[in-house]
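These notes are about the structure you will find just below.
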Amino acid sequence: MIVVDLPNETATAALAARIAAVAAPADIVALKGDLGTGKTAFARAFIRASGNQDEVPSPTFTLVQVYDAGPTAIWHFDLYRIRAPEEAWELGIEDAFTTGISLIEWPERLGPLLPERRLELGFAFGGEPGARRIAIDPGKEWEARLAMIAVDA
C-alpha cells in the first residue's frame, strides 16, 4: 500500500497523468471514496492526459462515458446508481475489461464481478481544504509500473 498526500487538484491531476502514462489496454483503475473526495477530478485528468481534450462530464446519470484516447478507448463508469452488480453487463463493462482502459467510480458496487487485476485508489479528504489523501493498492499487475513513475511525489 502506498499513501500519497495531495495538497490540491493540480497535484491530483499530476498523479493521474503519471498513472495514465503507464496504463495499457485491459487495465482497470478502481476509484473508491466518499462523495467529493476527487474521484471524478482524477478521472478527468487521466482522460485528458491520455490525449482526449473533449469535455469530460461526470457519468453520474449516464453511468458510463467512453472516450477516444488514441489506440485505446477509456471507459469511465460511475456505478453509484446501479442496484445489482449484474446491471454493469448492460453498460458494456465486459468489453471495457478486455479492450479498453476502465476507470470505475464506486467499484464496490460490482461485488464479485470486479476483477482482482486492478489498480485500486482509495480517495479521502486531506487535512487542509482542497487536500486529498490517496491510498494506492497496486496489486501484482501494477507494482512494476508504479515503480517506474513517481507516485509519491
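Chain labels run A, B, ... following the order of the C-alpha cells; each chain numbers its residues from 1, and ligands are numbered from 1 in the order shown.
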Shell of 7 Å around Pro107 (chain A), only C-alpha atoms, local chain residues under 2 positions omitted, as an mmCIF file with C-alpha atoms, in the first residue's frame:
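So the final result, stored in selection_15.cif, reads:
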```
data_model
loop_
_atom_site.group_PDB
_atom_site.id
_atom_site.type_symbol
_atom_site.label_atom_id
_atom_site.label_comp_id
_atom_site.auth_asym_id
_atom_site.auth_seq_id
_atom_site.Cartn_x
_atom_site.Cartn_y
_atom_site.Cartn_z
ATOM 1 C CA ALA A 30 -10.900 1.307 -9.286
ATOM 2 C CA LEU A 31 -11.645 4.718 -7.760
ATOM 3 C CA LYS A 32 -13.033 4.340 -4.226
ATOM 4 C CA LEU A 79 -21.687 2.821 -10.643
ATOM 5 C CA ILE A 104 -14.559 2.838 -12.260
ATOM 6 C CA GLU A 105 -16.068 5.092 -9.613
ATOM 7 C CA ARG A 109 -20.951 -1.925 -6.449
ATOM 8 C CA LEU A 110 -19.568 -4.617 -8.771
ATOM 9 C CA LEU A 114 -14.722 -6.618 -10.015
#
```
query = chain A: which residues are helix (DSSP H, G or I) by DSSP, as an MDAnalysis selection string?
reply = chainID A and resid 9:21 39:49 85:91 93:99 107:113 139:148
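Atom pair CA of Ala16 (chain A) / CA of Arg83 (chain A): separated by 28.7 Å.
Nearest-residue note for Gly92 (chain A): choosing from A:Phe123, A:Pro115, A:Thr72, A:Val64, the minimum distance belongs to A:Val64, counting only C-alpha atoms.
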request  = Just list the residues in region 33-105 of chain A DSSP gives strand (DSSP E) on the backbone, as a ChimeraX atom specification.
outcome  = /A:33,64-69,72-78,101-105
For Gly139 (chain A), work out the shell of residues within 10 Å, counting only C-alpha atoms and skipping chain neighbours fewer than 6 positions away, then give it as a compact mmCIF listing (two decimals) with C-alpha atoms, in the first residue's frame.
```txt
# COMPACT_ATOMS: atom_id res chain seq x y z
CA MET A 1 0.00 0.00 0.00
CA GLU A 116 -8.64 -8.77 -8.96
CA ARG A 117 -6.26 -7.50 -11.65
CA ARG A 118 -6.78 -3.83 -10.90
CA LEU A 119 -5.16 -0.71 -9.55
CA GLU A 120 -7.20 0.45 -6.58
```
Hey, what's within 12 Å of Leu15 (chain A) if we count only C-alpha atoms and toss same-chain stuff fewer than 3 positions away? As a CSV table (one decimal) with C-alpha atoms, in the first residue's frame, please?
```
chain,number,residue,atom,x,y,z
A,4,VAL,CA,0.1,9.8,-1.2
A,5,ASP,CA,-0.9,13.2,0.2
A,6,LEU,CA,-2.0,15.7,-2.5
A,7,PRO,CA,-2.3,19.3,-1.5
A,8,ASN,CA,-4.7,20.4,-4.3
A,9,GLU,CA,-6.4,19.4,-7.5
A,10,THR,CA,-3.3,20.3,-9.5
A,11,ALA,CA,-1.4,17.6,-7.6
A,12,THR,CA,-4.2,15.1,-8.2
A,18,ARG,CA,1.7,9.8,-14.4
A,19,ILE,CA,-0.6,6.8,-13.9
A,20,ALA,CA,-2.2,7.4,-17.4
A,21,ALA,CA,1.3,7.3,-18.9
A,22,VAL,CA,1.8,3.7,-17.9
A,38,GLY,CA,-11.7,13.7,-6.0
A,41,ALA,CA,-11.4,15.0,-10.9
A,42,PHE,CA,-8.8,12.2,-11.1
A,43,ALA,CA,-10.7,10.5,-14.0
A,44,ARG,CA,-11.0,13.8,-15.9
A,45,ALA,CA,-7.2,14.4,-15.6
A,46,PHE,CA,-6.4,10.8,-16.5
A,49,ALA,CA,-3.5,13.2,-20.1
A,121,LEU,CA,-7.1,4.1,-5.5
A,132,ARG,CA,-6.7,14.7,-0.6
A,133,ARG,CA,-5.1,11.5,0.6
A,134,ILE,CA,-5.0,8.6,-1.8
A,136,ILE,CA,-2.9,3.1,-3.7
A,146,LEU,CA,4.2,2.2,-10.4
A,149,ILE,CA,6.9,6.6,-12.0
A,150,ALA,CA,6.9,8.9,-9.0
A,151,VAL,CA,3.5,8.2,-7.5
A,152,ASP,CA,4.5,9.6,-4.1
A,153,ALA,CA,5.6,13.0,-5.4
```
inquiry  = Given only C-alpha atoms as the basis, pick out the residue of A:Trp75, A:Trp89, A:Trp142, A:Tyr80 nearest to Gly33 (chain A).
reply    =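 Among the listed residues, A:Tyr80 lies closest to Gly33 (chain A).
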ask   = Just how far from CA of Ile2 (chain A) is CA of Ala135 (chain A), in Å to one decimal?
value =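 Computed distance, CA of Ala135 (chain A) to CA of Ile2 (chain A), equals 5.7 Å.
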task = Could you please determine the separation between CA of Thr37 (chain A) and CA of Asp68 (chain A) in Å, to one decimal place?
result =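 Straight-line distance from CA of Thr37 (chain A) to CA of Asp68 (chain A) works out to 25.8 Å.
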key: Nearest candidate to Gly70 (chain A) (options A:Pro129, A:Gly36, A:Gly100, A:Pro85; using only C-alpha atoms)   =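 When distances to Gly70 (chain A) are compared using only C-alpha atoms, the smallest one comes from A:Gly100.
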Residue with smallest distance to Thr62 (chain A) - pool A:Ile82, A:Thr98, A:Ile28, A:Gly127, counting only C-alpha atoms = A:Ile82
